[in-house]
$ cat entry.txt   # compact mmCIF, C-alpha atoms (C1' of nucleotides)
# COMPACT_ATOMS: atom_id res chain seq x y z
CA MET A 1 0.79 -16.17 35.16
CA VAL A 2 3.66 -18.47 36.11
CA ASN A 3 3.01 -22.16 36.38
CA SER A 4 3.40 -24.65 39.17
CA LYS A 5 1.17 -27.36 37.69
CA PRO A 6 0.01 -27.32 34.12
CA THR A 7 -3.17 -25.31 33.98
CA SER A 8 -5.94 -26.09 31.53
CA ARG A 9 -4.93 -23.06 29.59
CA GLN A 10 -1.42 -24.32 29.14
CA ARG A 11 -2.55 -27.79 28.22
CA ILE A 12 -4.86 -26.31 25.63
CA LEU A 13 -2.09 -24.23 24.15
CA ALA A 14 0.18 -27.25 23.92
CA ALA A 15 -2.59 -29.34 22.42
CA ALA A 16 -3.36 -26.69 19.84
CA ALA A 17 0.27 -26.57 18.77
CA ALA A 18 0.35 -30.34 18.49
CA VAL A 19 -2.84 -30.50 16.46
CA ALA A 20 -1.64 -27.74 14.17
CA SER A 21 1.61 -29.51 13.44
CA GLU A 22 -0.09 -32.83 12.80
CA ALA A 23 -3.19 -31.82 10.90
CA GLY A 24 -1.83 -28.84 9.04
CA ALA A 25 -2.09 -25.23 10.02
CA SER A 26 -5.51 -24.61 8.56
CA ASN A 27 -7.02 -27.80 9.89
CA LEU A 28 -6.87 -26.67 13.46
CA SER A 29 -10.39 -27.31 14.72
CA LEU A 30 -11.60 -26.47 18.16
CA ASP A 31 -13.00 -29.95 18.60
CA ALA A 32 -9.66 -31.52 17.85
CA VAL A 33 -7.89 -29.20 20.25
CA ALA A 34 -10.39 -29.85 23.01
CA GLN A 35 -10.11 -33.58 22.61
CA ARG A 36 -6.34 -33.47 22.50
CA ALA A 37 -6.18 -31.31 25.59
CA GLY A 38 -8.52 -33.62 27.49
CA VAL A 39 -11.03 -30.84 27.85
CA SER A 40 -14.58 -30.47 26.68
CA LYS A 41 -15.38 -28.00 23.99
CA GLY A 42 -17.19 -25.87 26.49
CA GLY A 43 -14.12 -25.86 28.67
CA LEU A 44 -11.97 -24.83 25.76
CA LEU A 45 -14.29 -21.97 24.94
CA TYR A 46 -14.24 -20.93 28.54
CA ASN A 47 -10.50 -20.42 28.40
CA PHE A 48 -10.49 -19.01 24.90
CA PRO A 49 -13.84 -17.46 24.02
CA THR A 50 -13.12 -17.49 20.31
CA LYS A 51 -10.80 -19.24 17.96
CA ALA A 52 -9.02 -15.96 17.30
CA LYS A 53 -8.21 -15.63 21.00
CA LEU A 54 -6.75 -19.12 21.00
CA LEU A 55 -4.54 -18.33 18.05
CA GLN A 56 -3.43 -15.07 19.63
CA GLY A 57 -2.57 -17.05 22.71
CA LEU A 58 -0.48 -19.38 20.61
CA VAL A 59 1.42 -16.49 19.07
CA GLN A 60 1.97 -14.76 22.39
CA ASN A 61 3.14 -17.99 23.92
CA HIS A 62 5.70 -18.35 21.20
CA ILE A 63 7.03 -14.87 21.83
CA ASP A 64 7.12 -15.37 25.58
CA GLU A 65 9.04 -18.61 25.26
CA PHE A 66 11.69 -16.96 23.17
CA GLU A 67 11.95 -14.06 25.55
CA ILE A 68 12.48 -16.48 28.41
CA SER A 69 15.18 -18.32 26.52
CA LEU A 70 16.83 -15.01 25.71
CA ALA A 71 16.69 -13.86 29.31
CA ALA A 72 18.37 -17.11 30.36
CA ALA A 73 21.12 -16.55 27.82
CA THR A 74 21.60 -12.96 28.91
CA GLY A 75 21.82 -13.97 32.54
CA ALA A 76 24.16 -16.91 31.99
CA GLY A 77 26.94 -15.28 30.01
CA ASN A 78 28.00 -12.59 32.46
CA GLY A 79 29.01 -9.42 30.72
CA ALA A 80 27.66 -10.86 27.49
CA SER A 81 26.29 -8.55 24.85
CA LEU A 82 22.64 -8.70 23.88
CA LEU A 83 23.53 -9.72 20.35
CA GLY A 84 25.73 -12.44 21.76
CA ALA A 85 22.92 -13.73 23.93
CA TYR A 86 20.48 -13.46 21.05
CA LEU A 87 22.66 -15.44 18.70
CA ARG A 88 23.48 -18.09 21.26
CA SER A 89 19.81 -18.42 22.09
CA CYS A 90 18.92 -18.83 18.43
CA VAL A 91 21.69 -21.30 17.80
CA ARG A 92 20.44 -23.43 20.64
CA GLU A 93 16.93 -23.16 19.26
CA CYS A 94 18.05 -24.23 15.80
CA ALA A 95 20.20 -27.05 17.07
CA SER A 96 17.48 -28.54 19.25
CA ASP A 97 14.81 -30.51 17.49
CA ASP A 98 11.76 -29.61 19.49
CA THR A 99 8.56 -29.20 17.54
CA PRO A 100 8.38 -26.25 15.17
CA PRO A 101 6.01 -23.46 16.17
CA SER A 102 3.10 -24.65 14.06
CA GLY A 103 0.75 -22.63 16.17
CA VAL A 104 2.19 -19.47 14.73
CA LEU A 105 1.59 -20.82 11.27
CA ALA A 106 -1.99 -21.63 12.14
CA ALA A 107 -2.52 -18.08 13.30
CA LEU A 108 -0.96 -16.71 10.17
CA ALA A 109 -3.11 -18.94 8.01
CA GLU A 110 -6.30 -17.75 9.61
CA ASP A 111 -5.44 -14.08 9.54
CA PRO A 112 -2.16 -12.47 8.49
CA ASP A 113 -2.70 -9.60 10.90
CA MET A 114 -2.37 -12.00 13.76
CA LEU A 115 1.39 -11.93 13.38
CA GLU A 116 1.46 -8.25 14.28
CA PRO A 117 2.78 -9.00 17.79
CA VAL A 118 5.57 -11.05 16.26
CA LYS A 119 6.42 -8.23 13.92
CA LEU A 120 6.48 -5.76 16.77
CA HIS A 121 8.61 -8.05 18.86
CA LYS A 122 11.12 -8.54 16.08
CA ARG A 123 11.26 -4.83 15.41
CA ARG A 124 11.87 -4.05 19.06
CA MET A 125 14.53 -6.73 19.19
CA LEU A 126 16.21 -5.16 16.21
CA ASP A 127 16.16 -1.77 17.89
CA ARG A 128 17.66 -3.18 21.05
CA LEU A 129 20.39 -4.84 19.01
CA ALA A 130 21.01 -1.72 16.95
CA ALA A 131 21.41 0.40 20.07
CA GLU A 132 24.28 -1.76 21.17
CA THR A 133 26.24 -2.69 18.09
CA SER A 134 29.17 -0.86 16.57
CA ASN A 135 28.56 -2.47 13.20
CA PRO A 136 24.90 -2.31 12.13
CA SER A 137 25.44 -4.02 8.80
CA ARG A 138 27.20 -6.97 10.38
CA MET A 139 24.53 -7.24 13.04
CA LEU A 140 21.78 -7.12 10.45
CA ARG A 141 23.39 -9.89 8.48
CA SER A 142 23.51 -12.13 11.53
CA PHE A 143 19.93 -11.26 12.33
CA LEU A 144 18.78 -12.23 8.85
CA ILE A 145 20.74 -15.45 8.82
CA VAL A 146 18.87 -16.40 11.97
CA GLU A 147 15.61 -15.43 10.31
CA GLY A 148 16.54 -17.60 7.36
CA LEU A 149 17.22 -20.57 9.59
CA ARG A 150 14.02 -20.00 11.50
CA SER A 151 11.92 -19.79 8.39
CA GLN A 152 13.18 -23.20 7.40
CA THR A 153 12.00 -24.78 10.60
CA LEU A 154 8.79 -22.78 10.61
CA LEU A 155 7.85 -23.86 7.11
CA ASP A 156 9.23 -27.33 7.70
CA ILE A 157 11.60 -26.96 4.76
CA ASP A 158 14.85 -28.06 6.27
CA VAL A 159 17.03 -27.80 3.24
CA LEU A 160 20.45 -27.80 4.85
CA THR A 161 22.57 -30.85 5.48
CA ASP A 162 23.86 -31.34 9.00
CA GLU A 163 27.27 -30.30 7.77
CA GLU A 164 26.00 -27.07 6.28
CA ARG A 165 23.97 -26.25 9.32
CA GLY A 166 26.96 -26.92 11.50
CA LEU A 167 29.02 -24.55 9.42
CA VAL A 168 26.49 -21.77 9.73
CA LEU A 169 25.88 -22.26 13.42
CA ALA A 170 29.62 -22.17 14.04
CA THR A 171 29.96 -18.83 12.31
CA LEU A 172 27.02 -17.54 14.31
CA MET A 173 28.72 -18.59 17.52
CA ALA A 174 31.88 -16.84 16.40
CA GLU A 175 29.78 -13.81 15.65
CA ALA A 176 28.37 -13.97 19.16
CA GLU A 177 31.85 -13.91 20.62
CA TRP A 178 32.77 -11.01 18.43
CA ALA A 179 29.68 -9.14 19.65
CA ASP A 180 30.64 -9.78 23.27
CA SER A 181 34.20 -8.59 22.82
CA ALA A 182 33.10 -5.55 20.86
CA VAL A 183 30.83 -4.52 23.69
CA MET A 184 33.58 -5.05 26.25
CA GLU A 185 35.94 -2.88 24.26
CA ASN A 186 33.29 -0.25 24.16
CA ALA A 187 32.81 -0.46 27.91
CA ALA A 188 36.55 -0.25 28.51
CA THR A 189 36.95 2.97 26.55
CA THR A 190 34.08 4.71 28.33
CA MET B 191 3.14 -23.41 -21.23
CA VAL B 192 4.29 -19.92 -22.21
CA ASN B 193 1.69 -17.22 -22.55
CA SER B 194 0.64 -14.98 -25.38
CA LYS B 195 -2.78 -14.17 -23.96
CA PRO B 196 -3.75 -15.04 -20.41
CA THR B 197 -5.28 -18.49 -20.37
CA SER B 198 -8.04 -19.42 -17.95
CA ARG B 199 -5.55 -21.45 -16.06
CA GLN B 200 -3.32 -18.47 -15.53
CA ARG B 201 -6.16 -16.19 -14.58
CA ILE B 202 -7.31 -18.74 -12.05
CA LEU B 203 -3.85 -19.01 -10.58
CA ALA B 204 -3.59 -15.24 -10.28
CA ALA B 205 -7.04 -15.00 -8.78
CA ALA B 206 -6.22 -17.69 -6.25
CA ALA B 207 -3.12 -15.82 -5.16
CA ALA B 208 -5.12 -12.61 -4.84
CA VAL B 209 -7.85 -14.24 -2.80
CA ALA B 210 -5.31 -15.90 -0.56
CA SER B 211 -3.55 -12.65 0.19
CA GLU B 212 -6.78 -10.81 0.89
CA ALA B 213 -8.80 -13.36 2.77
CA GLY B 214 -6.02 -15.14 4.58
CA ALA B 215 -4.26 -18.27 3.52
CA SER B 216 -6.75 -20.67 5.02
CA ASN B 217 -9.81 -18.86 3.72
CA LEU B 218 -9.11 -19.70 0.13
CA SER B 219 -12.43 -21.10 -1.09
CA LEU B 220 -13.01 -22.43 -4.55
CA ASP B 221 -16.11 -20.31 -4.94
CA ALA B 222 -14.17 -17.16 -4.18
CA VAL B 223 -11.41 -18.07 -6.60
CA ALA B 224 -13.85 -18.83 -9.39
CA GLN B 225 -15.68 -15.57 -8.90
CA ARG B 226 -12.46 -13.60 -8.73
CA ALA B 227 -11.13 -15.22 -11.88
CA GLY B 228 -14.34 -14.52 -13.76
CA VAL B 229 -14.88 -18.21 -14.25
CA SER B 230 -17.68 -20.50 -13.27
CA LYS B 231 -17.05 -23.02 -10.59
CA GLY B 232 -17.42 -25.74 -13.17
CA GLY B 233 -14.75 -24.04 -15.24
CA LEU B 234 -12.44 -23.84 -12.27
CA LEU B 235 -12.88 -27.51 -11.53
CA TYR B 236 -12.33 -28.26 -15.17
CA ASN B 237 -8.86 -26.75 -14.95
CA PHE B 238 -8.09 -27.95 -11.44
CA PRO B 239 -10.10 -31.05 -10.58
CA THR B 240 -9.43 -30.67 -6.86
CA LYS B 241 -8.38 -27.98 -4.49
CA ALA B 242 -5.12 -29.78 -3.87
CA LYS B 243 -4.29 -29.59 -7.58
CA LEU B 244 -4.95 -25.87 -7.53
CA LEU B 245 -2.64 -25.37 -4.60
CA GLN B 246 0.05 -27.48 -6.21
CA GLY B 247 -0.32 -25.32 -9.28
CA LEU B 248 0.17 -22.24 -7.15
CA VAL B 249 3.36 -23.64 -5.67
CA GLN B 250 4.73 -24.77 -9.01
CA ASN B 251 3.93 -21.41 -10.52
CA HIS B 252 5.93 -19.73 -7.80
CA ILE B 253 8.93 -21.92 -8.49
CA ASP B 254 8.67 -21.42 -12.24
CA GLU B 255 8.53 -17.67 -11.91
CA PHE B 256 11.67 -17.62 -9.85
CA GLU B 257 13.45 -19.89 -12.28
CA ILE B 258 12.52 -17.57 -15.14
CA SER B 259 13.83 -14.56 -13.25
CA LEU B 260 17.01 -16.44 -12.46
CA ALA B 261 17.47 -17.46 -16.09
CA ALA B 262 17.10 -13.83 -17.12
CA ALA B 263 19.74 -12.79 -14.60
CA THR B 264 22.11 -15.53 -15.75
CA GLY B 265 21.70 -14.54 -19.35
CA ALA B 266 22.05 -10.80 -18.81
CA GLY B 267 25.29 -10.70 -16.82
CA ASN B 268 27.64 -12.31 -19.32
CA GLY B 269 30.21 -14.44 -17.64
CA ALA B 270 28.30 -14.02 -14.38
CA SER B 271 28.46 -16.71 -11.76
CA LEU B 272 25.35 -18.58 -10.75
CA LEU B 273 25.57 -17.23 -7.22
CA GLY B 274 25.92 -13.74 -8.64
CA ALA B 275 22.83 -14.20 -10.77
CA TYR B 276 20.97 -15.76 -7.88
CA LEU B 277 21.75 -12.90 -5.53
CA ARG B 278 20.96 -10.24 -8.09
CA SER B 279 17.69 -11.95 -8.88
CA CYS B 280 16.76 -12.11 -5.21
CA VAL B 281 17.76 -8.52 -4.61
CA ARG B 282 15.49 -7.40 -7.41
CA GLU B 283 12.72 -9.57 -5.99
CA CYS B 284 13.13 -8.04 -2.54
CA ALA B 285 13.38 -4.50 -3.83
CA SER B 286 10.23 -4.74 -5.94
CA ASP B 287 6.95 -4.54 -4.12
CA ASP B 288 4.85 -7.00 -6.07
CA THR B 289 2.44 -9.06 -4.06
CA PRO B 290 3.92 -11.64 -1.74
CA PRO B 291 3.42 -15.27 -2.73
CA SER B 292 0.37 -15.88 -0.60
CA GLY B 293 -0.52 -18.86 -2.70
CA VAL B 294 2.42 -20.72 -1.30
CA LEU B 295 1.23 -19.91 2.17
CA ALA B 296 -2.22 -21.20 1.34
CA ALA B 297 -0.73 -24.46 0.14
CA LEU B 298 1.37 -24.74 3.26
CA ALA B 299 -1.61 -24.06 5.46
CA GLU B 300 -3.66 -26.79 3.88
CA ASP B 301 -0.95 -29.40 3.92
CA PRO B 302 2.69 -28.96 4.92
CA ASP B 303 3.78 -31.66 2.49
CA MET B 304 2.69 -29.47 -0.36
CA LEU B 305 5.88 -27.48 -0.01
CA GLU B 306 7.94 -30.51 -0.93
CA PRO B 307 8.61 -29.16 -4.45
CA VAL B 308 9.84 -25.91 -2.93
CA LYS B 309 12.12 -27.81 -0.61
CA LEU B 310 13.49 -29.84 -3.48
CA HIS B 311 14.00 -26.77 -5.58
CA LYS B 312 15.87 -24.99 -2.82
CA ARG B 313 18.03 -28.02 -2.17
CA ARG B 314 18.93 -28.34 -5.83
CA MET B 315 19.68 -24.64 -5.98
CA LEU B 316 21.97 -25.03 -3.02
CA ASP B 317 23.75 -27.91 -4.70
CA ARG B 318 24.22 -25.91 -7.87
CA LEU B 319 25.63 -23.03 -5.86
CA ALA B 320 27.87 -25.30 -3.82
CA ALA B 321 29.33 -26.86 -6.96
CA GLU B 322 30.55 -23.48 -8.07
CA THR B 323 31.71 -21.64 -5.00
CA SER B 324 35.18 -21.56 -3.54
CA ASN B 325 33.84 -20.55 -0.16
CA PRO B 326 30.88 -22.67 0.96
CA SER B 327 30.43 -20.95 4.28
CA ARG B 328 30.28 -17.52 2.71
CA MET B 329 27.85 -18.74 0.06
CA LEU B 330 25.65 -20.35 2.68
CA ARG B 331 25.51 -17.13 4.64
CA SER B 332 24.35 -15.19 1.60
CA PHE B 333 21.81 -17.88 0.85
CA LEU B 334 20.38 -17.70 4.34
CA ILE B 335 20.26 -13.91 4.35
CA VAL B 336 18.14 -14.15 1.25
CA GLU B 337 15.96 -16.74 2.93
CA GLY B 338 15.58 -14.40 5.86
CA LEU B 339 14.50 -11.54 3.65
CA ARG B 340 12.11 -13.79 1.78
CA SER B 341 10.52 -15.11 4.91
CA GLN B 342 9.71 -11.56 5.90
CA THR B 343 7.82 -10.89 2.71
CA LEU B 344 6.23 -14.32 2.73
CA LEU B 345 4.90 -13.91 6.24
CA ASP B 346 4.15 -10.26 5.66
CA ILE B 347 6.38 -9.27 8.56
CA ASP B 348 8.47 -6.58 7.03
CA VAL B 349 10.49 -5.57 10.02
CA LEU B 350 13.34 -3.73 8.36
CA THR B 351 13.44 -0.01 7.72
CA ASP B 352 14.22 1.10 4.18
CA GLU B 353 17.65 2.09 5.37
CA GLU B 354 18.36 -1.30 6.87
CA ARG B 355 17.05 -3.12 3.86
CA GLY B 356 19.19 -0.92 1.63
CA LEU B 357 22.23 -1.79 3.69
CA VAL B 358 21.62 -5.49 3.40
CA LEU B 359 20.78 -5.42 -0.29
CA ALA B 360 23.97 -3.46 -0.94
CA THR B 361 26.09 -6.07 0.78
CA LEU B 362 24.31 -8.76 -1.19
CA MET B 363 25.12 -6.96 -4.43
CA ALA B 364 28.72 -6.70 -3.34
CA GLU B 365 28.64 -10.38 -2.57
CA ALA B 366 27.32 -11.02 -6.07
CA GLU B 367 30.26 -9.19 -7.57
CA TRP B 368 32.64 -11.12 -5.40
CA ALA B 369 31.05 -14.34 -6.60
CA ASP B 370 31.46 -13.32 -10.22
CA SER B 371 35.11 -12.37 -9.81
CA ALA B 372 35.86 -15.52 -7.84
CA VAL B 373 34.47 -17.63 -10.65
CA MET B 374 36.47 -15.72 -13.23
CA GLU B 375 39.63 -16.25 -11.26
CA ASN B 376 38.84 -19.90 -11.13
CA ALA B 377 38.26 -20.02 -14.86
CA ALA B 378 41.52 -18.18 -15.50
CA THR B 379 43.60 -20.67 -13.54
CA THR B 380 42.13 -23.71 -15.27
C1' DT C 381 -17.11 -32.93 -33.70
C1' DT C 382 -14.60 -31.71 -29.92
C1' DA C 383 -12.58 -29.02 -26.30
C1' DA C 384 -13.42 -25.72 -23.18
C1' DC C 385 -16.12 -24.07 -20.76
C1' DT C 386 -21.05 -21.94 -18.27
C1' DG C 387 -24.89 -22.30 -14.93
C1' DT C 388 -27.59 -24.38 -11.67
C1' DA C 389 -28.86 -27.49 -8.43
C1' DC C 390 -27.54 -30.27 -4.95
C1' DC C 391 -25.23 -33.29 -1.19
C1' DG C 392 -22.60 -34.68 2.91
C1' DT C 393 -19.45 -33.13 6.04
C1' DC C 394 -17.24 -30.15 9.06
C1' DT C 395 -16.91 -26.21 12.10
C1' DG C 396 -17.35 -22.20 15.12
C1' DG C 397 -19.66 -21.02 18.72
C1' DA C 398 -24.05 -20.14 21.32
C1' DC C 399 -26.36 -22.01 25.15
C1' DG C 400 -28.01 -24.20 29.19
C1' DG C 401 -26.50 -26.98 32.62
C1' DT C 402 -23.43 -28.28 37.06
C1' DA C 403 -20.10 -29.26 40.52
C1' DA C 404 -16.67 -27.26 43.33
C1' DT C 405 -14.87 -23.37 45.62
C1' DG C 406 -14.96 -19.08 47.74
C1' DT C 407 -17.28 -14.99 50.29
C1' DC C 408 -19.78 -12.93 53.69
C1' DA C 409 -23.57 -11.48 56.60
C1' DA C 410 -26.30 -13.08 60.62
C1' DT D 411 -20.82 -21.80 62.69
C1' DT D 412 -23.75 -21.73 59.13
C1' DG D 413 -26.69 -20.81 55.43
C1' DA D 414 -27.17 -18.02 51.13
C1' DC D 415 -25.36 -16.57 47.31
C1' DA D 416 -21.52 -15.62 43.76
C1' DT D 417 -17.78 -17.01 40.95
C1' DT D 418 -14.97 -20.14 38.59
C1' DA D 419 -14.21 -23.69 35.69
C1' DC D 420 -15.85 -26.47 33.23
C1' DC D 421 -19.43 -30.22 30.40
C1' DG D 422 -22.37 -31.76 26.44
C1' DT D 423 -25.53 -30.63 22.96
C1' DC D 424 -27.25 -28.35 19.10
C1' DC D 425 -27.35 -25.61 14.92
C1' DA D 426 -26.79 -22.48 11.00
C1' DG D 427 -23.70 -21.81 7.57
C1' DA D 428 -19.69 -22.63 4.74
C1' DC D 429 -17.16 -25.59 1.84
C1' DG D 430 -15.47 -29.17 -1.40
C1' DG D 431 -17.11 -31.66 -4.75
C1' DT D 432 -20.67 -34.01 -8.05
C1' DA D 433 -23.89 -34.12 -11.75
C1' DC D 434 -25.59 -32.67 -15.74
C1' DA D 435 -27.60 -30.08 -19.38
C1' DG D 436 -26.52 -26.31 -22.37
C1' DT D 437 -23.24 -23.16 -25.21
C1' DT D 438 -19.68 -21.54 -28.17
C1' DA D 439 -15.49 -21.12 -30.76
C1' DA D 440 -12.08 -23.80 -33.63
$ encode --input "entry.txt" --output "structure tokens"
Amino acid sequence: MVNSKPTSRQRILAAAAAVASEAGASNLSLDAVAQRAGVSKGGLLYNFPTKAKLLQGLVQNHIDEFEISLAAATGAGNGASLLGAYLRSCVRECASDDTPPSGVLAALAEDPDMLEPVKLHKRRMLDRLAAETSNPSRMLRSFLIVEGLRSQTLLDIDVLTDEERGLVLATLMAEAEWADSAVMENAATT
Amino acid sequence: MVNSKPTSRQRILAAAAAVASEAGASNLSLDAVAQRAGVSKGGLLYNFPTKAKLLQGLVQNHIDEFEISLAAATGAGNGASLLGAYLRSCVRECASDDTPPSGVLAALAEDPDMLEPVKLHKRRMLDRLAAETSNPSRMLRSFLIVEGLRSQTLLDIDVLTDEERGLVLATLMAEAEWADSAVMENAATT
DNA sequence: TTAACTGTACCGTCTGGACGGTAATGTCAA
DNA sequence: TTGACATTACCGTCCAGACGGTACAGTTAA
């Protein structure tokens, strides 16, 4: 499942995301994806037997990528809280200007149920965060601010000025530090 | 533009939203909309000459509805701040369980640029809010929390439990009251 | 008379995906 | 070692159906 050289599957996934972002979420055609990926249509359908499978792959890929980024953030900050790692990971994601996850949009457009894995993932993330925090309301607020930021990149409605975004990201970073220290306190008193 | 009895145009818009939410954003076909609205296809195309026009109508309708709700909230709370009215309006929107704005999703799916009016509207709203507030960062945070909540209903990923949602909505209401009192203070010192 | 439709017939294009190849790469018995 | 077969990973073509949109003749309420 891990990659040494880009497999066809991975190239197809990347191509699909690119096509979706360029042509619009609902104009994701298999032909376009195949061409973009440098693969014949037959080859595409070998890797993803149906369009639905391709879209599910796109969604799963999105989740996996975030989980990897989160794991990196958890590993890096030693003794860091999960919420801290989560926020830092999201701040980095929002600050970077890599392509928005149009593949997810494409999946949503085709069938709303296809976001079920995303929903599950978010819910589980929320549970993990809730298990740790001493202040659920504060944690929830941070979580939703992140969701708000993400929705703007997802929908390609970047309404904030750089200044405003900077302001928000700074408070999120502060919130991350608070989360870390709160967890340490907790650990100290146990 | 205001309604006494539902015009064809309005029935079509409603039908389109219904079809979009049931069939998936990208499966919004003109035939289906016409049938759902109890209108012939010719009639549909009489009101909306192209599919793009229909989708634009859907988006505009969404914006208008919010603006109406906001106006009601501004009028009701006498002496209320704009941010207060905005937050109260959004809280009501999130608490009610009317159908999510699938029409907007359909427009987005077809062509990302179609959300430009939404983007503009949000940006203007933000400017209006910024002009009033004494604490931009705090205002921004509330704004983004709302965006986060909205994205969940828009994408039909309602991750929060009722308890969690209640918690967040309560803090938003508190924030609305703070906004009102802050404005009154400001008015008193001028 | 005109605006606001209805109803039907039709067209060109696009799309998912089924299908039948095929070349390269194992696998394994004799 | 080798020949026979199996599997993997594709290629290229074809097609039935859906969809947006056009055209146009007829209808009905104001």
$ closest_atom_pairs --input "entry.txt" --of "chain D" --to "region 382-402 of chain C" --cutoff "10 Å" --atoms "all atoms listed in the file" --output "tab-separated table"
residue	atom	partner	partner_atom	distance
D:DC420	C1'	C:DT402	C1'	8.7
D:DC421	C1'	C:DT402	C1'	8.0
D:DG422	C1'	C:DG401	C1'	8.8
D:DT423	C1'	C:DC399	C1'	8.9
D:DC424	C1'	C:DC399	C1'	8.8
D:DC425	C1'	C:DA398	C1'	9.0
D:DG427	C1'	C:DT395	C1'	9.3
D:DA428	C1'	C:DT395	C1'	8.6
D:DC429	C1'	C:DC394	C1'	8.5
D:DG430	C1'	C:DT393	C1'	9.3
D:DG431	C1'	C:DC391	C1'	9.0
D:DT432	C1'	C:DC391	C1'	8.3
D:DA433	C1'	C:DC390	C1'	8.6
D:DC434	C1'	C:DT388	C1'	9.4
D:DA435	C1'	C:DG387	C1'	9.4
D:DG436	C1'	C:DT386	C1'	8.1
D:DT437	C1'	C:DT386	C1'	7.4
D:DT438	C1'	C:DC385	C1'	8.6
D:DA439	C1'	C:DA384	C1'	9.1
D:DA440	C1'	C:DA383	C1'	9.0
$ interface_residues --input "entry.txt" --of "chain A" --to "chain B" --cutoff "7 Å" --atoms "all atoms listed in the file" --output "list in words"
Gly24, Ala25, Ser26, Asn27, Ala109, Glu110, Asp111, Pro112, Lys119, Lys122, Arg123, Ser137, Arg141, Leu144, Ile145, Glu147, Gly148, Leu149, Ser151, Ile157, Val159, Leu167 and Val168 of chain A
$ write_last_selection --input "entry.txt" --atoms "C-alpha atoms" --output "PDB file, in the frame of the given file"
ATOM      1  CA  GLY A  24      -1.830 -28.840   9.040  1.00  0.00           C
ATOM      2  CA  ALA A  25      -2.090 -25.230  10.020  1.00  0.00           C
ATOM      3  CA  SER A  26      -5.510 -24.610   8.560  1.00  0.00           C
ATOM      4  CA  ASN A  27      -7.020 -27.800   9.890  1.00  0.00           C
ATOM      5  CA  ALA A 109      -3.110 -18.940   8.010  1.00  0.00           C
ATOM      6  CA  GLU A 110      -6.300 -17.750   9.610  1.00  0.00           C
ATOM      7  CA  ASP A 111      -5.440 -14.080   9.540  1.00  0.00           C
ATOM      8  CA  PRO A 112      -2.160 -12.470   8.490  1.00  0.00           C
ATOM      9  CA  LYS A 119       6.420  -8.230  13.920  1.00  0.00           C
ATOM     10  CA  LYS A 122      11.120  -8.540  16.080  1.00  0.00           C
ATOM     11  CA  ARG A 123      11.260  -4.830  15.410  1.00  0.00           C
ATOM     12  CA  SER A 137      25.440  -4.020   8.800  1.00  0.00           C
ATOM     13  CA  ARG A 141      23.390  -9.890   8.480  1.00  0.00           C
ATOM     14  CA  LEU A 144      18.780 -12.230   8.850  1.00  0.00           C
ATOM     15  CA  ILE A 145      20.740 -15.450   8.820  1.00  0.00           C
ATOM     16  CA  GLU A 147      15.610 -15.430  10.310  1.00  0.00           C
ATOM     17  CA  GLY A 148      16.540 -17.600   7.360  1.00  0.00           C
ATOM     18  CA  LEU A 149      17.220 -20.570   9.590  1.00  0.00           C
ATOM     19  CA  SER A 151      11.920 -19.790   8.390  1.00  0.00           C
ATOM     20  CA  ILE A 157      11.600 -26.960   4.760  1.00  0.00           C
ATOM     21  CA  VAL A 159      17.030 -27.800   3.240  1.00  0.00           C
ATOM     22  CA  LEU A 167      29.020 -24.550   9.420  1.00  0.00           C
ATOM     23  CA  VAL A 168      26.490 -21.770   9.730  1.00  0.00           C
TER      24      VAL A 168
END
$ atom_distance --input "entry.txt" --atom1 "CA of Leu44 (chain A)" --atom2 "C1' of DT405 (chain C)"
20.1 Å
$ residues_around --input "entry.txt" --residues "Glu93 (chain A)" --least-positions-apart "2" --cutoff "12 Å" --atoms "all atoms listed in the file" --output "list in words"
Glu65, Phe66, Ser69, Leu70, Ala73, Tyr86, Leu87, Arg88, Ser89, Cys90, Val91, Ala95, Ser96, Asp97, Asp98, Thr99, Pro100, Pro101, Val146, Glu147, Leu149, Arg150, Thr153, Leu154 and Leu169 of chain A
$ axis_aligned_box --input "entry.txt" --around "region 219-228 of chain B" --padding-each-side "6 Å" --output "lines of an AutoDock Vina configuration file"
center_x = -13.6
center_y = -18.0
center_z = -7.4
size_x = 17.0
size_y = 20.8
size_z = 24.7
$ atom_distance --input "entry.txt" --atom1 "CA of Gly228 (chain B)" --atom2 "CA of Glu257 (chain B)"
28.3 Å
$ closest_atom_pairs --input "entry.txt" --of "chain A" --to "chain C" --cutoff "10 Å" --atoms "only C-alpha atoms (C1' of nucleotides)" --output "tab-separated table"
residue	atom	partner	partner_atom	distance
A:Ser29	CA	C:DT395	C1'	7.1
A:Leu30	CA	C:DG396	C1'	7.8
A:Asp31	CA	C:DT395	C1'	8.5
A:Lys41	CA	C:DG397	C1'	9.7
A:Gly42	CA	C:DG397	C1'	9.5
A:Leu45	CA	C:DG397	C1'	8.3
A:Pro49	CA	C:DG397	C1'	8.6
A:Thr50	CA	C:DG397	C1'	7.6
A:Lys51	CA	C:DG396	C1'	7.7
$ write_last_selection --input "entry.txt" --atoms "C-alpha atoms" --output "PDB file, keeping the file's coordinate frame"
ATOM      1  CA  SER A  29     -10.390 -27.310  14.720  1.00  0.00           C
ATOM      2  CA  LEU A  30     -11.600 -26.470  18.160  1.00  0.00           C
ATOM      3  CA  ASP A  31     -13.000 -29.950  18.600  1.00  0.00           C
ATOM      4  CA  LYS A  41     -15.380 -28.000  23.990  1.00  0.00           C
ATOM      5  CA  GLY A  42     -17.190 -25.870  26.490  1.00  0.00           C
ATOM      6  CA  LEU A  45     -14.290 -21.970  24.940  1.00  0.00           C
ATOM      7  CA  PRO A  49     -13.840 -17.460  24.020  1.00  0.00           C
ATOM      8  CA  THR A  50     -13.120 -17.490  20.310  1.00  0.00           C
ATOM      9  CA  LYS A  51     -10.800 -19.240  17.960  1.00  0.00           C
TER      10      LYS A  51
END
